[in-house]
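K.L.:
One file: model_30.txt (compact mmCIF, C-alpha atoms and all ligand atoms).
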```txt
# COMPACT_ATOMS: atom_id res chain seq x y z
CA MET A 6 -2.42 -11.18 -45.03
CA PRO A 7 -5.08 -10.45 -47.64
CA THR A 8 -4.29 -7.50 -49.89
CA PRO A 9 -5.95 -4.21 -48.87
CA PRO A 10 -9.37 -3.80 -50.50
CA HIS A 11 -9.64 -1.35 -53.37
CA ARG A 12 -10.97 2.13 -52.62
CA LYS A 13 -11.71 4.98 -54.94
CA ILE A 14 -10.53 8.55 -54.57
CA SER A 15 -13.53 10.73 -53.55
CA GLN A 16 -15.14 13.34 -55.73
CA ARG A 17 -16.40 16.57 -54.19
CA ALA A 18 -19.53 15.92 -52.11
CA CYS A 19 -21.36 17.07 -48.99
CA ASP A 20 -19.38 15.72 -46.06
CA PHE A 21 -22.56 14.94 -44.17
CA CYS A 22 -24.98 13.42 -46.69
CA ALA A 23 -22.57 12.65 -49.57
CA ILE A 24 -24.66 14.39 -52.21
CA THR A 25 -22.41 15.44 -55.10
CA GLU A 26 -22.26 18.78 -56.82
CA SER A 27 -24.51 19.20 -59.85
CA SER A 28 -26.29 21.91 -61.77
CA THR A 29 -28.96 22.02 -59.06
CA THR A 30 -26.77 21.41 -56.00
CA HIS A 31 -24.20 24.03 -55.18
CA LEU A 32 -21.99 23.01 -52.28
CA LEU A 33 -20.63 25.45 -49.70
CA ARG A 34 -17.01 25.22 -48.63
CA CYS A 35 -15.98 25.17 -44.97
CA SER A 36 -14.10 28.41 -44.40
CA GLY A 37 -11.87 26.84 -41.73
CA CYS A 38 -10.15 24.00 -43.57
CA GLN A 39 -11.23 25.10 -47.08
CA ALA A 40 -11.38 21.39 -47.89
CA SER A 41 -14.83 20.19 -46.77
CA TYR A 42 -18.08 20.91 -48.58
CA TYR A 43 -21.70 20.92 -47.45
CA CYS A 44 -25.08 21.36 -49.08
CA ASP A 45 -26.11 23.90 -46.45
CA LYS A 46 -25.43 25.30 -42.99
CA ILE A 47 -27.62 22.64 -41.39
CA HIS A 48 -25.50 19.78 -42.70
CA GLN A 49 -22.35 21.69 -41.82
CA ALA A 50 -23.54 22.12 -38.23
CA ALA A 51 -24.59 18.47 -38.03
CA ASP A 52 -21.14 17.36 -39.16
CA ARG A 53 -19.23 19.74 -36.88
CA PRO A 54 -18.57 17.35 -33.97
CA ARG A 55 -16.91 14.86 -36.32
CA HIS A 56 -15.24 17.47 -38.46
CA LYS A 57 -13.81 19.97 -36.02
CA THR A 58 -10.54 18.31 -34.94
CA GLY A 59 -9.25 17.82 -38.47
CA CYS A 60 -10.60 21.17 -39.58
CA LYS A 61 -8.75 22.99 -36.80
CA ALA A 62 -5.48 21.17 -37.52
CA VAL A 63 -5.64 22.12 -41.19
CA LYS A 64 -6.58 25.71 -40.44
CA LYS A 65 -3.70 26.05 -38.00
CA ALA A 66 -1.19 24.67 -40.52
CA ARG A 67 -2.55 26.95 -43.24
CA ASP A 68 -2.41 30.03 -41.00
CA THR A 69 1.24 29.32 -40.18
CA TYR A 70 2.07 28.80 -43.85
CA GLU A 71 0.30 32.01 -44.86
CA SER A 72 2.01 34.06 -42.17
CA GLU A 73 5.44 32.71 -43.23
CA ASP A 74 4.51 33.51 -46.82
CA GLN A 75 3.66 37.09 -45.89
CA LYS A 76 6.84 37.48 -43.85
CA LEU A 77 8.98 36.32 -46.75
CA ARG A 78 7.19 38.52 -49.26
CA ASN A 79 7.88 41.54 -47.03
CA PHE A 80 11.52 40.62 -46.51
CA GLN A 81 13.66 43.68 -47.27
CA GLY A 82 16.94 41.90 -47.76
CA ASP A 83 20.22 42.19 -45.89
CA ILE A 84 23.94 41.82 -46.53
CA MET A 85 23.59 38.10 -47.22
CA THR A 86 20.24 37.93 -48.95
CA PRO A 87 18.54 39.88 -51.72
CA SER A 88 15.11 41.36 -51.08
CA HIS A 89 11.91 39.87 -52.53
CA PRO A 90 12.98 36.22 -52.67
CA PHE A 91 9.86 35.30 -54.71
CA GLU A 92 11.31 37.35 -57.56
CA ASN A 93 15.02 37.15 -56.91
CA CYS A 94 15.68 33.68 -55.52
CA ILE A 95 13.47 31.38 -57.61
CA GLY A 96 15.09 27.97 -57.83
CA HIS A 97 17.40 28.68 -54.90
CA PHE A 98 15.02 28.57 -51.97
CA TRP A 99 16.40 26.70 -48.94
CA GLY A 100 19.88 27.80 -49.98
CA VAL A 101 18.65 31.20 -48.82
CA LEU A 102 18.22 30.84 -45.06
CA GLU A 103 15.21 33.16 -44.78
CA THR A 104 13.19 30.84 -46.99
CA ARG A 105 13.52 27.77 -44.80
CA ASP A 106 10.76 28.49 -42.30
CA TYR A 107 8.50 29.26 -45.22
CA MET A 108 9.33 25.98 -46.99
CA ARG A 109 8.87 23.98 -43.79
CA ALA A 110 5.53 25.65 -43.05
CA ARG A 111 4.31 25.07 -46.59
CA TYR A 112 5.27 21.40 -46.50
CA ASN A 113 3.69 20.99 -43.08
CA PHE A 114 0.47 22.45 -44.43
CA VAL A 115 0.44 20.00 -47.37
CA ASP A 116 1.32 17.10 -45.09
CA THR A 117 -1.42 18.00 -42.61
CA ILE A 118 -4.20 18.45 -45.16
CA MET A 119 -3.15 15.23 -46.91
CA GLN A 120 -3.27 13.29 -43.64
CA VAL A 121 -6.62 14.72 -42.59
CA PHE A 122 -8.47 14.82 -45.92
CA GLY A 123 -6.21 13.36 -48.63
CA ALA A 124 -5.26 9.89 -47.37
CA THR A 125 -6.39 6.73 -49.15
CA GLY A 126 -9.87 7.22 -50.62
CA GLY A 127 -9.61 10.91 -49.76
CA ARG A 128 -10.64 13.97 -51.65
CA ILE A 129 -9.59 14.59 -55.19
CA ASP A 130 -9.59 18.39 -54.65
CA VAL A 131 -7.10 18.02 -51.83
CA VAL A 132 -4.83 15.70 -53.80
CA ARG A 133 -4.90 18.09 -56.75
CA SER A 134 -4.08 21.21 -54.74
CA SER A 135 -1.39 19.38 -52.74
CA LEU A 136 0.30 18.33 -55.97
CA GLU A 137 0.27 21.93 -57.16
CA HIS A 138 1.87 23.07 -53.90
CA LEU A 139 4.64 20.49 -54.17
CA LEU A 140 5.37 21.25 -57.82
CA ASP A 141 5.59 24.93 -56.94
CA MET A 142 7.95 24.12 -54.07
CA LEU A 143 10.17 22.35 -56.59
CA ARG A 144 10.08 25.40 -58.86
CA LEU A 145 11.26 27.51 -55.91
CA CYS A 146 13.85 24.96 -54.75
CA ARG A 147 15.20 22.93 -57.64
CA GLY A 148 17.54 20.88 -55.49
CA ASP A 149 14.54 19.78 -53.39
CA ASN A 150 16.27 19.73 -50.00
CA MET A 151 13.01 18.68 -48.35
CA GLY A 152 12.50 15.63 -50.55
CA VAL A 153 9.03 16.54 -51.81
CA ARG A 154 9.87 14.78 -55.10
CA ASP A 155 9.22 11.49 -53.30
CA VAL A 156 5.60 12.45 -52.65
CA VAL A 157 4.79 13.83 -56.11
CA PRO A 158 4.54 10.66 -58.27
CA GLY A 159 1.88 9.01 -56.09
CA LEU A 160 -0.29 12.13 -56.30
CA TYR A 161 -0.02 12.27 -60.09
CA ILE A 162 -1.00 8.59 -60.27
CA ARG A 163 -3.97 9.05 -57.93
CA LEU A 164 -5.22 11.76 -60.31
CA GLY A 165 -4.87 9.41 -63.29
CA ARG A 166 -2.01 11.53 -64.67
CA ASP A 167 0.32 8.58 -65.25
CA GLN A 168 2.15 10.10 -68.19
CA GLU A 169 3.10 13.18 -66.19
CA ALA A 170 4.14 10.94 -63.30
CA TYR A 171 6.35 8.95 -65.63
CA ASP A 172 7.91 12.08 -67.17
CA PHE A 173 8.61 13.44 -63.69
CA LEU A 174 10.21 10.16 -62.58
CA LYS A 175 12.26 9.91 -65.73
CA TRP A 176 13.74 13.39 -65.28
CA TRP A 177 14.84 12.54 -61.74
CA GLY A 178 16.06 9.14 -62.89
CA THR A 179 18.16 10.49 -65.78
CA THR A 180 19.02 14.22 -66.00
CA ALA A 181 19.14 14.69 -62.21
CA LYS A 182 21.67 11.84 -61.96
CA GLU A 183 24.11 13.38 -64.41
CA ASP A 184 27.34 14.51 -62.74
CA THR A 185 27.45 17.54 -65.01
CA TYR A 186 23.96 18.80 -64.25
CA ASP A 187 24.24 22.34 -62.88
CA TRP A 188 21.71 22.75 -60.06
CA GLY A 189 22.77 26.33 -59.47
CA ASP A 190 21.98 27.50 -62.98
CA THR A 191 18.28 28.30 -63.21
CA GLU A 192 18.65 28.52 -66.97
CA SER A 193 19.42 24.82 -67.22
CA SER A 194 16.52 22.54 -68.13
CA TYR A 195 14.38 21.38 -65.25
CA LEU A 196 11.65 18.72 -65.19
CA ASP A 197 11.39 19.04 -68.96
CA VAL A 198 10.82 15.38 -69.94
CA LYS A 199 7.64 15.15 -71.98
CA ASP A 200 5.79 12.10 -73.30
CA ALA A 201 8.55 9.63 -72.44
CA ASP A 202 7.70 6.03 -73.31
CA ALA A 203 6.51 4.35 -70.12
CA LEU A 204 6.80 0.96 -71.82
CA GLU A 205 10.56 1.35 -72.23
CA GLU A 206 13.19 -0.47 -70.18
CA PRO A 207 13.69 0.97 -66.67
CA VAL A 208 16.44 3.61 -66.48
CA GLU A 209 19.48 3.33 -64.20
CA GLY A 210 18.11 5.59 -61.47
CA TRP A 211 15.44 3.00 -60.64
CA LYS A 212 17.78 0.06 -60.30
CA GLY A 213 21.25 -0.72 -59.06
CA LYS A 214 22.95 0.28 -55.86
CA TRP A 215 21.72 3.86 -55.44
CA ILE A 216 18.12 3.30 -56.19
CA ASP A 217 15.64 6.01 -55.34
CA LEU A 218 13.24 3.72 -53.50
CA SER A 219 10.02 5.73 -53.61
CA HIS A 220 10.60 6.53 -57.29
CA ALA A 221 11.30 2.91 -58.17
CA VAL A 222 8.07 1.89 -56.40
CA ALA A 223 6.12 4.52 -58.36
CA VAL A 224 7.54 3.22 -61.64
CA VAL A 225 6.46 -0.30 -60.65
CA LEU A 226 2.92 0.97 -60.09
CA ILE A 227 2.80 2.78 -63.43
CA LYS A 228 3.87 -0.42 -65.14
CA VAL A 229 1.39 -2.49 -63.09
CA ARG A 230 -1.38 -0.13 -64.24
CA ILE A 231 -0.24 -0.57 -67.84
CA LEU A 232 -0.23 -4.34 -67.36
CA ILE A 233 -3.74 -4.35 -65.87
CA ASP A 234 -5.06 -2.40 -68.87
CA LEU A 235 -3.25 -4.61 -71.37
CA GLN A 236 -4.59 -7.76 -69.73
CA ALA A 237 -8.11 -6.33 -69.78
CA ALA A 238 -7.69 -5.73 -73.50
CA GLN A 239 -6.48 -9.29 -73.95
CA ASN A 240 -9.40 -10.73 -72.02
CA THR A 241 -11.89 -8.69 -73.99
CA THR A 242 -10.46 -9.93 -77.24
CA ARG A 243 -10.48 -13.54 -76.10
CA ALA A 244 -14.02 -13.37 -74.75
CA LEU A 245 -15.46 -11.64 -77.78
CA HIS A 246 -13.43 -13.21 -80.53
CA GLY A 247 -15.61 -14.44 -83.38
CA THR A 248 -18.82 -13.28 -81.74
CA ILE A 249 -18.80 -9.57 -82.55
CA PRO A 250 -17.23 -7.44 -85.29
CA GLN A 251 -13.64 -6.27 -84.97
CA GLU A 252 -14.68 -2.59 -84.92
CA ILE A 253 -16.65 -3.17 -81.73
CA ILE A 254 -13.72 -4.96 -80.14
CA ASP A 255 -11.55 -1.99 -81.11
CA LEU A 256 -14.01 0.39 -79.51
CA ILE A 257 -14.07 -1.57 -76.29
CA ARG A 258 -10.30 -1.76 -76.27
CA ASP A 259 -10.12 2.01 -76.68
CA GLU A 260 -12.25 2.42 -73.56
CA ILE A 261 -9.87 0.31 -71.52
CA GLY A 262 -7.54 2.47 -69.53
CA SER A 263 -8.80 5.46 -71.44
CA SER A 264 -7.37 7.85 -68.87
CA GLY A 265 -4.03 6.12 -68.65
CA ILE A 266 -1.03 5.37 -70.77
CA VAL A 267 -2.43 2.36 -72.63
CA GLY A 268 -5.43 4.38 -73.79
CA SER A 269 -3.09 6.70 -75.65
CA ARG A 270 -1.40 3.81 -77.48
CA PRO A 271 -3.79 2.60 -80.20
CA ASP A 272 -0.79 1.01 -81.91
CA ILE A 273 -0.68 -1.55 -79.11
CA LEU A 274 -4.38 -1.92 -78.48
CA ARG A 275 -5.23 -2.30 -82.15
CA GLY A 276 -2.26 -4.46 -82.95
CA ASP A 277 -2.77 -8.18 -83.42
CA THR A 278 -3.13 -10.48 -80.44
CA GLU A 279 0.42 -11.73 -80.78
CA LYS A 280 1.82 -8.25 -80.51
CA LEU A 281 -0.38 -7.56 -77.49
CA ALA A 282 0.82 -10.78 -75.86
CA SER A 283 4.45 -9.88 -76.45
CA VAL A 284 4.00 -6.40 -74.93
CA VAL A 285 2.37 -8.03 -71.88
CA GLU A 286 5.38 -10.30 -71.45
CA THR A 287 7.79 -7.38 -71.83
CA ILE A 288 6.02 -5.32 -69.17
CA LYS A 289 5.90 -8.30 -66.81
CA ALA A 290 9.63 -8.82 -67.24
CA GLN A 291 10.28 -5.12 -66.52
CA ILE A 292 8.17 -5.22 -63.37
CA LYS A 293 10.02 -8.31 -62.17
CA GLU A 294 13.37 -6.66 -62.83
CA LEU A 295 12.34 -3.59 -60.83
CA TYR A 296 10.95 -5.84 -58.12
CA LYS A 297 14.28 -7.64 -57.79
CA GLY A 298 16.23 -4.38 -57.77
CA ILE A 299 14.08 -3.00 -54.97
CA ASN A 300 14.47 -6.25 -53.05
CA GLU A 301 18.25 -6.13 -53.34
CA TYR A 302 18.37 -2.52 -52.23
CA CYS A 303 15.91 -2.94 -49.37
CA PRO A 304 15.11 -6.56 -48.41
CA ASP A 305 12.42 -5.44 -45.94
CA PHE A 306 10.41 -3.53 -48.50
CA TRP A 307 8.33 -6.19 -50.24
CA PRO A 308 7.56 -8.31 -47.16
CA MET A 309 6.21 -5.15 -45.48
CA PHE A 310 4.44 -3.92 -48.59
CA LEU A 311 2.78 -7.26 -49.34
CA GLY A 312 2.26 -8.06 -45.65
CA ASN A 313 0.60 -5.21 -43.82
CA PRO A 314 1.30 -2.03 -45.80
CA GLN A 315 -1.12 0.11 -43.81
CA ALA A 316 0.65 -0.69 -40.55
CA ALA A 317 3.99 0.16 -42.17
CA ALA A 318 2.64 3.42 -43.59
CA ASN A 319 1.26 4.47 -40.22
CA GLN A 320 4.69 4.37 -38.60
CA ARG A 321 6.32 7.45 -39.99
CA PRO A 322 10.00 7.53 -39.14
CA GLY A 323 11.75 10.87 -38.71
CA ALA A 324 15.04 9.74 -40.20
CA TYR A 325 16.32 6.78 -42.16
CA THR A 326 19.40 5.18 -43.60
CA HIS A 327 19.55 3.82 -47.13
CA GLY A 328 17.87 0.48 -47.62
CA SER A 329 16.53 0.38 -44.04
CA LYS A 330 13.13 -0.61 -42.69
CA GLU A 331 12.52 3.07 -41.96
CA GLU A 332 13.08 4.02 -45.58
CA ALA A 333 10.69 1.23 -46.61
CA ARG A 334 8.02 2.63 -44.25
CA LEU A 335 8.43 6.10 -45.72
CA ALA A 336 8.18 4.83 -49.29
CA ILE A 337 5.08 2.80 -48.42
CA GLY A 338 3.53 5.85 -46.77
CA TYR A 339 4.09 7.91 -49.92
CA SER A 340 2.63 5.30 -52.24
CA ILE A 341 -0.02 3.28 -50.43
CA ALA A 342 -2.99 5.42 -51.46
CA SER A 343 -2.03 5.23 -55.13
CA TRP A 344 -1.85 1.43 -54.92
CA ILE A 345 -5.11 0.95 -53.02
CA GLU A 346 -6.90 3.31 -55.39
CA THR A 347 -5.77 1.20 -58.36
CA ALA A 348 -8.15 -1.77 -58.60
CA GLY A 349 -6.14 -4.98 -58.86
CA ALA A 350 -2.72 -3.44 -58.25
CA PHE A 351 -1.84 -5.35 -55.06
CA ASP A 352 -3.08 -8.64 -56.48
CA THR A 353 -1.07 -8.09 -59.64
CA ILE A 354 2.21 -7.42 -57.86
CA LYS A 355 1.58 -10.26 -55.42
CA ALA A 356 1.01 -12.72 -58.26
CA LEU A 357 4.11 -11.49 -60.12
CA SER A 358 6.22 -11.65 -56.96
CA GLN A 359 5.58 -15.37 -56.77
CA THR A 360 7.18 -15.87 -60.17
CA VAL A 361 10.33 -13.79 -59.52
ZN ZN B 401 -25.57 17.44 -47.26
ZN ZN B 402 -13.49 22.58 -42.09
```
Output the file's structure as structure tokens, nothing else.
P.N.:
Amino acid sequence: MPTPPHRKISQRACDFCAITESSTTHLLRCSGCQASYYCDKIHQAADRPRHKTGCKAVKKARDTYESEDQKLRNFQGDIMTPSHPFENCIGHFWGVLETRDYMRARYNFVDTIMQVFGATGGRIDVVRSSLEHLLDMLRLCRGDNMGVRDVVPGLYIRLGRDQEAYDFLKWWGTTAKEDTYDWGDTESSYLDVKDADALEEPVEGWKGKWIDLSHAVAVVLIKVRILIDLQAAQNTTRALHGTIPQEIIDLIRDEIGSSGIVGSRPDILRGDTEKLASVVETIKAQIKELYKGINEYCPDFWPMFLGNPQAAANQRPGAYTHGSKEEARLAIGYSIASWIETAGAFDTIKALSQTV
């Protein structure tokens, strides 16, 4: 199977004619789904036949979420539960029974809008707002009974926020694994890792027997993106060596991966070629180690991921056991957009897989 072709995440544009917003073009938002934009009513009407099914599904999911939200905000409390959960139960949602319908409806809304408008190549606005919803759900329910933490890293990566993705993954891979961590105490630190070094050795939570599959896959992608940027810097240096001044090479190197992790590491980019080469080898070795760990945990994962990942992602299982095909499908579903939207990511992991 050839690797899936690269696609870019979409910027805000008219859904009918694709014109983007500018100082002279103000786009109108569809009031139904609140996710599609049009230059005017004429283009909105012209797009309606194609748009209406998805629009209605999103509107329905949002209406349910908003009505559950209102119900919970008006909740007066009873013997078991304090009133005003949004003030009195932060961090403990789900543990409080009345919050469950709300949490389910909110997740269903995010899931629906992501499927309709936020899948691979989808809209950046939708990905951004979905990420905010999920992070807020984690604030309300620290223990994350619904597993939204598996969806979060891919969204961060799609938005080019690799450092935040890495920090998020590292918290779940370290602090969350500590036996002594007190989930019930909302004073204890939560998702507080900041500026962790994404070039470091993988932590225990991403390897070994109790791997968190979707998180391990997200870490692989972050490292693949670092590798792609480092190799681009290497190629630039090789191609230009001796033909243009070092300052220009430095400038070009700074442009490489400027939104990602490598762009914030001038120490590596501006280091000598030997240092760059050694960092490249280190990252490759880390990716291979993670690759092997994932393969041991779930032998079906890589053949599906490197075979026909879209087909795997489309089959969304309701339940899974650890290390099963179903878990692999779920993890692929959570991550496929972030891989396809990274130019060269599939080819990089495929090439590395042949040397494991
Ligand atoms: Zn238009
Ligand atoms: Zn709409």
K.L.:
Select the residues contacting ligand ZN 401 (chain B) at a distance of at most 6 Å, based on all atoms listed in the file, then format the selection as a ChimeraX atom specification.
P.N.:
/A:19,21-22,24,43-44,48
K.L.:
Restricting the calculation to only C-alpha atoms: of A:Gly178, A:Gly165, A:Pro7, A:Gly189, which residue gets closest to A:Gly96?
P.N.:
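Of the candidates, the smallest distance to A:Gly96 is held by A:Gly189.
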K.L.:
Which residue, A:Glu71, A:Glu192, A:Asp52, A:Asp45, has the smallest gap to ligand ZN 402 (chain B) when you use only C-alpha atoms and all ligand atoms?
P.N.:
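For ligand ZN 402 (chain B), the nearest of the given residues is A:Asp52.
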K.L.:
Go ahead and compute the interatomic distance for atom CA of A:Asp167 and atom CA of A:Asp130, in Å to one decimal.
P.N.:
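Atom CA of A:Asp130 lies at a distance of 17.5 Å from atom CA of A:Asp167.
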K.L.:
For A:Glu73, please output as a list in words all residues within 9 Å (counting all atoms listed in the file; exclusion window: fewer than 6 positions along the same chain).
P.N.:
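Neighbouring residues, sequence-local ones excluded: Thr104, Asp106, Tyr107, Met108, Ala110 and Arg111 of chain A.
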K.L.:
To one decimal in Å, tell me the separation between atom CA of A:Thr30 and atom CA of A:Gln16.
P.N.:
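The value is 14.2 Å.
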K.L.:
I'd like the neighbourhood of stretch 272-277 of chain A as a PyMOL selection string, where a residue qualifies if any of its atoms comes within 12 Å (using only C-alpha atoms), though same-chain residues fewer than 2 positions away should be ignored.
P.N.:
chain A and resi 204+231+234-239+241-243+251-263+266-270+279-285
